[in-house]
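Asker: Below you will find the structure I want to go over with you.
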Amino acid sequence: MLFLRKYTKKELMELITGKLRRNFGRDVGEATSQQMFLACALVIRDIISVRQLETSEKLQESHARQVHYLSMEFLMGRSLRKNAYNLGLEKPLTEAIEALGFSAADLFEEEPDAGLGNGGLGRLAACYLDAATTAEIPFTGYSICYELGIFKQKIIDGKQEELPDNWLDRGGAWLITKADEAEEVRFGGTVKDVWYPDGTHGVEQTGYIPVLAVPKDMQIAGYGTRHANVLRLWEAQSTEPVDLNFFNQGEYLKALEKKANAEIISKQLYPADNHREGKSLRLKQQYFLSSATIQSVCRKHKTEYGTLRNFHEKHVFQINDTHPTLIIPELMRILLDQEGYSWDDAWFIVSRSVCYTNHTVLSEALERWPQDLVEELLPRLWQIILEISGRYQDQLTAFFQGNMAKVEKMAIVWGGEVRMANLCVCACSAVNGVSALHTDILKADVFHDAYQMFPAKFQNVTNGVDHRRWLSEVNPQLDALIRECCGGDKYLLHPEALKELEKYAGDAAVLERLAAIKKANKERFAAWIQRENGVKLNTNAMFDVQVKRLHEYKRQLLNVLHIIYLWQRLHEDPHFEMTPKVYLFGAKAAPSYVVAKDIIHLINSVSNTINNDPVCKDKLQVFFLENYRVSMAEALMPASELSEQISTAGKEASGTGNMKFMMNGAVTIGTLDGANVEMHQVLGDENIFLCGLNAQEVEDLMRRGYSSYEYYTRNPALKAVLDQLSAGFDDHVSYSELAKGLLFGNGGLADQYLLLADFESYRAAQALAGQTYRDPKAWNRMSLYNIARSGIFAADRSIRDYADNIWRVPHK
């Protein structure tokens with residue numbers, strides 16, 4: 001492999017020692033572990049900086065087309081070990097740290113997770129940064145430099161409490177502030193037409209509130225390449241940090257008001273939006289990201305080329321979910337108001353520069369903003385959006401021959417709302433789903449009418465994960481086995497080489513070694529849990545894991561219902577035969593999502609009851625992983641054996657956790673939903689445990705009329721489980737509201753995600769998984785096939801698909 005240069009242990013020791021002295025005024029013997037971590041991070045950052053400057057120089061010479069990836073989330077996790085790994089320096093860095101008298105393992109733990117995301121969306125963005133950089137694509141990520149990021153979850157009396165998580169104290173070591181590249185973003189005010197002496201028309205915005213967007217760059221190293229890219233995080237600052245007039249009058253809080261109102265924009269990821277203030281802040285965040293980004297790119301482009309006429313030839317912007325949609329009217333504003341282009345010329349450039357990835361089929365997640373809020377905060381953009389909407393509506397009316405039902409569904413501005421997904425579909429040159437099933441649903445349902453109009457726009461790029469991080473780095477023993485069986489480290493850059501592992505499906509020695517690796521990973525994770533939480537997990541039991549964002553459609557509640565069923569069976573029949581299980585849950589619920597928080601409370605109630613029940617000893621254990629995050633996932637994935645991917649068919653766009661589990665040899669129990677469909681295609685029926693209705697069956701059932709109460713009355717075991725929800729558990733908390741929601745609905749459709757309809761199928765699949773687990777040879781063979789066939793779900797493949805079919809950029 002080609003690295004910029006090799007660094008020895010001795011050289012790294014000298015560099016680290018120098019950083020300690022220059023930056024902290026400490027020798028190694030006086031340094032704290034935090035100072036030691038920061039010194040190591042700064043050394044690695046310096047090494048990447050050299051590569052990034054070299055990459056920038058090559059880009060200026062080549063004038064290559066650049067990719068700009070906008071996402072409200074980049075869930076980066078920890079960076080020290082990952083960057084060292086990509087640079088080929090993990091081993092010498094570890095040795096240098098140890099030689100300086102520190103524990104490398106403890107030092108890696110010293111770094112906080114960069115929690116700039118909530119789940120799969122943000123982790124996907126982080127994986128794509130790595131893959132695009134490794135593929136030597138000029139690729140810049142853009143997001144907000146959230147001071148707090150996702151909240152730190154604390155479980156108190158079984159309930160989720162949210163605590164601030166200030167990651168910047170140490171995580172800020174990776175950020176390079178570029179104050180000279182700050183951009184001004186304007187909110188509010190009034191807009192008026194102006195006519196200049198030369199007869200040209202312009203638009204002037206007055207009375208606005210300016211906010212400064214200051215870039216903080218995190219440099220990204222690719223694997224096995226000299227190429228480096230950047231994640232640019234925008235921090236909000238006031239243009240007037242302190243109002244001295246108020247300050248001198250003794251009105252100190254008022255003197256800081258403008259500063260506070262500006263800085264709140266980058267204070268926290270996803271403020272609650274169940275009130276107008278929250279909606280306003282979210283809209284400000286989205287415009288702040290979009291405006292700062294497009295202004296920056298336009299400014300640099302015009303400096304280089306002197307014009308924006310060729311802008312679409314040199315740049316492509318990928319909108320990751322609807323959050324950055326405002327980049328569309330903001331680029332129109334720049335071209336119309338600042339450059340003086342005609343509407344048609346501006347639209348020509350915009351519609352060839354922007355692409356959209358849809359990540360959901362849930363209607364509530366397809367953002368719709370109140371019209372009056374857009375008018376108030378973004379008056380000029382409102383005018384542009386209204387013009388886009390009017391022209392698009394005329395186009396729709398003509399195409400559908402006056403069928404206003406279709407026009408209404410696709411309209412951008414309608415009923416007092418601005419519909420962001422429809423704006424993306426109108427303006428973007430490509431619209432892609434993130435799994436084959438998801439894309440089919442977009443075409444057939446969510447955007448069916450748009451697909452009829454613009455069939456060539458719609459494409460599929462199935463998600464992928466960074467297999468170097470999520471297999472090689474986090475599971476070194478498995479990595480060593482793969483290298484022995486699959487031709488060395490070839491699979492790190494060519495993940496399809498994992499397929500060669502299949503040759504050993506009948507090799508007893510390889511299967512036994514695979515089992516030993518899994519056992520060691522389970523024991524390592526269990527030791528960590530005992531150290532952190534004082535809980536001893538049964539490592540002789542199957543580790544059955546469901547970790548993901550807490551949402552009703554992901555059906556953590558279905559998993560819990562089955563656990564209650566098992567608990568009841570153990571009490572009814574002491575001889576009930578079941579495979580010993582440790583059920584592990586990890587999830588954060590949005591602070592305002594009451595039902596999701598109730599489910600977390602339920603999981604902890606069930607855990608408390610079962611784990612203290614002598615009948616369940618060595619048979620059944622339940623544990624909720626507090627504050628689930630990337631660094632915890634890195635320890636958990638290698639230890640997992642059964643991966644729960646049980647969302648209601650047709651609701652999960654893709655999933656990426658399912659891919660990480662698969663790469664680490666866990667076997668999936670799941671519905672035919674999202675990327676599970678493609679996993680099933682490569683695994684066959686024999687290497688996955690399928691359950692539940694498929695997407696078409698779900699649609700048919702809902703069309704006929706679904707009665708969850710009938711399932712309750714016809715299935716005595718299910719009835720007993722739901723009755724237990726209402727009765728409660730050892731903590732005397734009743735979950736009758738959850739039971740009512742499943743049976744009668746709470747102001748909506750009863751059991752809208754079909755837990756009761758799928759319960760019996762899920763129970764049967766669980767029984768089959770348990771039975772299979774009791775045959776180690778069969779189970780280990782399934783595990784091997786999962787690893788061997790997971791290469792298609794590497795982010796490297798996803799990025800190649802984007803580069804070839806959507807961005808039209810070359811790659812390595």
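Lettering and numbering for the structure tokens are positional, with chains as A, B, ... in the shown order, residues counted from 1 in each chain, and ligands counted from 1 in the shown order.
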Among segment 431-619 of chain A, which ones does DSSP place in strand (DSSP E), written as a list in words?
Answerer: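 DSSP-assigned strand (DSSP E) residues in segment 431-619 of chain A: Val431, Asn432, Gly433, Phe458, Gln459, Asn460, Met542, Phe543, Asp544, Val545, Gln546, Val547, Lys581, Val582, Tyr583, Leu584, Phe585 and Gly586 of chain A.
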Asker: Between A:Ile220, A:Ala405, A:Val698, A:Leu768, single out the one closest to Thr579 of chain A, counting only C-alpha atoms.
Answerer: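 Of the candidates, the smallest distance to Thr579 of chain A is held by A:Leu768.
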Asker: Find, counting only C-alpha atoms, the residue in A:Lys660, A:Lys499, A:His811, A:Lys588 that gets nearest to Ala788 of chain A.
Answerer: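 Result for the nearest residue to Ala788 of chain A: A:Lys499.
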Asker: Tell me, as a count of residues only, which residues lie within 9 Å of Leu738 of chain A, counting only C-alpha atoms; anything in the same chain fewer than 2 positions away does not count.
Answerer: 13
Asker: Find the residues around Gln771 of chain A up to 10 Å (only C-alpha atoms counted), leave out those fewer than 5 positions away in its own chain, and share them as a PyMOL selection string.
Answerer: chain A and resi 577-579+765-766+779
Asker: Take the selection from the previous step and output its residues with all heavy atoms, as an mmCIF file, in the first residue's frame.
Answerer:
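Result saved to again06.cif:
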data_model
loop_
_atom_site.group_PDB
_atom_site.id
_atom_site.type_symbol
_atom_site.label_atom_id
_atom_site.label_comp_id
_atom_site.auth_asym_id
_atom_site.auth_seq_id
_atom_site.Cartn_x
_atom_site.Cartn_y
_atom_site.Cartn_z
ATOM 1 N N GLU A 577 -38.501 -26.104 27.110
ATOM 2 C CA GLU A 577 -37.163 -26.160 26.523
ATOM 3 C C GLU A 577 -36.915 -24.908 25.692
ATOM 4 O O GLU A 577 -37.653 -24.617 24.748
ATOM 5 C CB GLU A 577 -37.010 -27.408 25.658
ATOM 6 C CG GLU A 577 -35.611 -27.584 25.098
ATOM 7 C CD GLU A 577 -35.469 -28.854 24.261
ATOM 8 O OE1 GLU A 577 -36.384 -29.709 24.322
ATOM 9 O OE2 GLU A 577 -34.455 -28.981 23.546
ATOM 10 N N MET A 578 -35.878 -24.175 26.051
ATOM 11 C CA MET A 578 -35.497 -23.007 25.267
ATOM 12 C C MET A 578 -33.980 -22.846 25.311
ATOM 13 O O MET A 578 -33.328 -23.222 26.303
ATOM 14 C CB MET A 578 -36.172 -21.737 25.785
ATOM 15 C CG MET A 578 -35.775 -21.305 27.180
ATOM 16 S SD MET A 578 -36.288 -19.606 27.568
ATOM 17 C CE MET A 578 -35.121 -18.645 26.602
ATOM 18 N N THR A 579 -33.454 -22.310 24.249
ATOM 19 C CA THR A 579 -32.023 -22.008 24.210
ATOM 20 C C THR A 579 -31.756 -20.821 25.120
ATOM 21 O O THR A 579 -32.449 -19.792 25.017
ATOM 22 C CB THR A 579 -31.591 -21.672 22.776
ATOM 23 O OG1 THR A 579 -31.834 -22.805 21.946
ATOM 24 C CG2 THR A 579 -30.118 -21.301 22.720
ATOM 25 N N ALA A 765 -39.948 -18.095 14.296
ATOM 26 C CA ALA A 765 -38.581 -17.848 13.818
ATOM 27 C C ALA A 765 -37.593 -17.844 14.975
ATOM 28 O O ALA A 765 -36.459 -18.341 14.855
ATOM 29 C CB ALA A 765 -38.533 -16.526 13.059
ATOM 30 N N GLN A 766 -38.000 -17.286 16.101
ATOM 31 C CA GLN A 766 -37.145 -17.299 17.288
ATOM 32 C C GLN A 766 -36.897 -18.728 17.754
ATOM 33 O O GLN A 766 -35.776 -19.091 18.132
ATOM 34 C CB GLN A 766 -37.800 -16.476 18.412
ATOM 35 C CG GLN A 766 -37.585 -14.975 18.303
ATOM 36 C CD GLN A 766 -36.232 -14.545 18.833
ATOM 37 O OE1 GLN A 766 -35.429 -15.351 19.283
ATOM 38 N NE2 GLN A 766 -35.960 -13.251 18.775
ATOM 39 N N TRP A 779 -24.728 -23.684 13.103
ATOM 40 C CA TRP A 779 -24.739 -22.248 13.394
ATOM 41 C C TRP A 779 -23.465 -21.567 12.879
ATOM 42 O O TRP A 779 -23.532 -20.493 12.265
ATOM 43 C CB TRP A 779 -24.885 -22.012 14.897
ATOM 44 C CG TRP A 779 -25.047 -20.558 15.223
ATOM 45 C CD1 TRP A 779 -24.050 -19.666 15.515
ATOM 46 C CD2 TRP A 779 -26.271 -19.809 15.244
ATOM 47 N NE1 TRP A 779 -24.578 -18.418 15.728
ATOM 48 C CE2 TRP A 779 -25.929 -18.474 15.570
ATOM 49 C CE3 TRP A 779 -27.602 -20.152 15.039
ATOM 50 C CZ2 TRP A 779 -26.902 -17.477 15.681
ATOM 51 C CZ3 TRP A 779 -28.567 -19.158 15.149
ATOM 52 C CH2 TRP A 779 -28.212 -17.839 15.474
#
Asker: Would you pick out the contacts of Asp372 of chain A at 9 Å or less, using only C-alpha atoms, so that residues sharing its chain but fewer than 5 positions from it are not included, and give the list as a list in words?
Answerer: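 What passes the distance filter is Leu377, Gly416 and Glu417 of chain A.
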Asker: Residues near Glu11 of chain A, anyone? I mean within 12 Å using only C-alpha atoms, not counting same-chain ones fewer than 6 positions away, as an NGL selection string.
Answerer: :A and (5 or 17-18 or 43 or 89 or 92-93 or 95-97 or 99)
Asker: With N, CA and C atoms retained, could you export that selection as a PDB file, in the first residue's frame?
Answerer:
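After the write, result_11.pdb holds the following:
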ATOM      1  N   ARG A   5       4.145   8.410   4.174  1.00  0.00           N
ATOM      2  CA  ARG A   5       5.431   7.948   4.633  1.00  0.00           C
ATOM      3  C   ARG A   5       5.199   7.055   5.828  1.00  0.00           C
ATOM      4  N   THR A  17       5.998  13.754  22.243  1.00  0.00           N
ATOM      5  CA  THR A  17       6.703  14.479  23.305  1.00  0.00           C
ATOM      6  C   THR A  17       6.793  15.971  22.975  1.00  0.00           C
ATOM      7  N   GLY A  18       7.083  16.258  21.706  1.00  0.00           N
ATOM      8  CA  GLY A  18       7.154  17.655  21.275  1.00  0.00           C
ATOM      9  C   GLY A  18       5.833  18.375  21.428  1.00  0.00           C
ATOM     10  N   VAL A  43      -0.768  15.141  16.712  1.00  0.00           N
ATOM     11  CA  VAL A  43       0.276  14.552  15.854  1.00  0.00           C
ATOM     12  C   VAL A  43      -0.360  13.906  14.627  1.00  0.00           C
ATOM     13  N   LEU A  89      -0.749   3.498  10.803  1.00  0.00           N
ATOM     14  CA  LEU A  89       0.070   3.840  11.972  1.00  0.00           C
ATOM     15  C   LEU A  89      -0.478   3.286  13.281  1.00  0.00           C
ATOM     16  N   PRO A  92       2.493   1.253  15.210  1.00  0.00           N
ATOM     17  CA  PRO A  92       3.553   2.078  15.810  1.00  0.00           C
ATOM     18  C   PRO A  92       3.017   3.114  16.806  1.00  0.00           C
ATOM     19  N   LEU A  93       1.806   3.631  16.597  1.00  0.00           N
ATOM     20  CA  LEU A  93       1.241   4.577  17.561  1.00  0.00           C
ATOM     21  C   LEU A  93       0.975   3.878  18.891  1.00  0.00           C
ATOM     22  N   GLU A  95       2.487   1.279  20.048  1.00  0.00           N
ATOM     23  CA  GLU A  95       3.784   1.000  20.668  1.00  0.00           C
ATOM     24  C   GLU A  95       4.384   2.271  21.272  1.00  0.00           C
ATOM     25  N   ALA A  96       4.227   3.390  20.579  1.00  0.00           N
ATOM     26  CA  ALA A  96       4.770   4.659  21.089  1.00  0.00           C
ATOM     27  C   ALA A  96       4.072   5.069  22.387  1.00  0.00           C
ATOM     28  N   ILE A  97       2.754   4.934  22.412  1.00  0.00           N
ATOM     29  CA  ILE A  97       2.005   5.287  23.618  1.00  0.00           C
ATOM     30  C   ILE A  97       2.435   4.424  24.796  1.00  0.00           C
ATOM     31  N   ALA A  99       5.277   2.844  25.149  1.00  0.00           N
ATOM     32  CA  ALA A  99       6.668   3.141  25.514  1.00  0.00           C
ATOM     33  C   ALA A  99       6.766   4.428  26.329  1.00  0.00           C
TER      34      ALA A  99
END
Asker: Which residue gives the smallest distance to Ala173 of chain A among A:Asn460, A:Ser79, A:Asn86, A:Asn432, with only C-alpha atoms counted?
Answerer: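 That would be A:Ser79, the residue with the smallest distance to Ala173 of chain A.
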Asker: Could you check how far atom CA of Gly25 of chain A sits from atom CA of Arg51 of chain A, in Å to one decimal?
Answerer: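 The value is 27.8 Å.
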Asker: How far is it from atom CA of Gly657 of chain A to atom CA of Gln681 of chain A, in Å with one decimal?
Answerer: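 Atom-to-atom, atom CA of Gly657 of chain A to atom CA of Gln681 of chain A, that is 17.7 Å.
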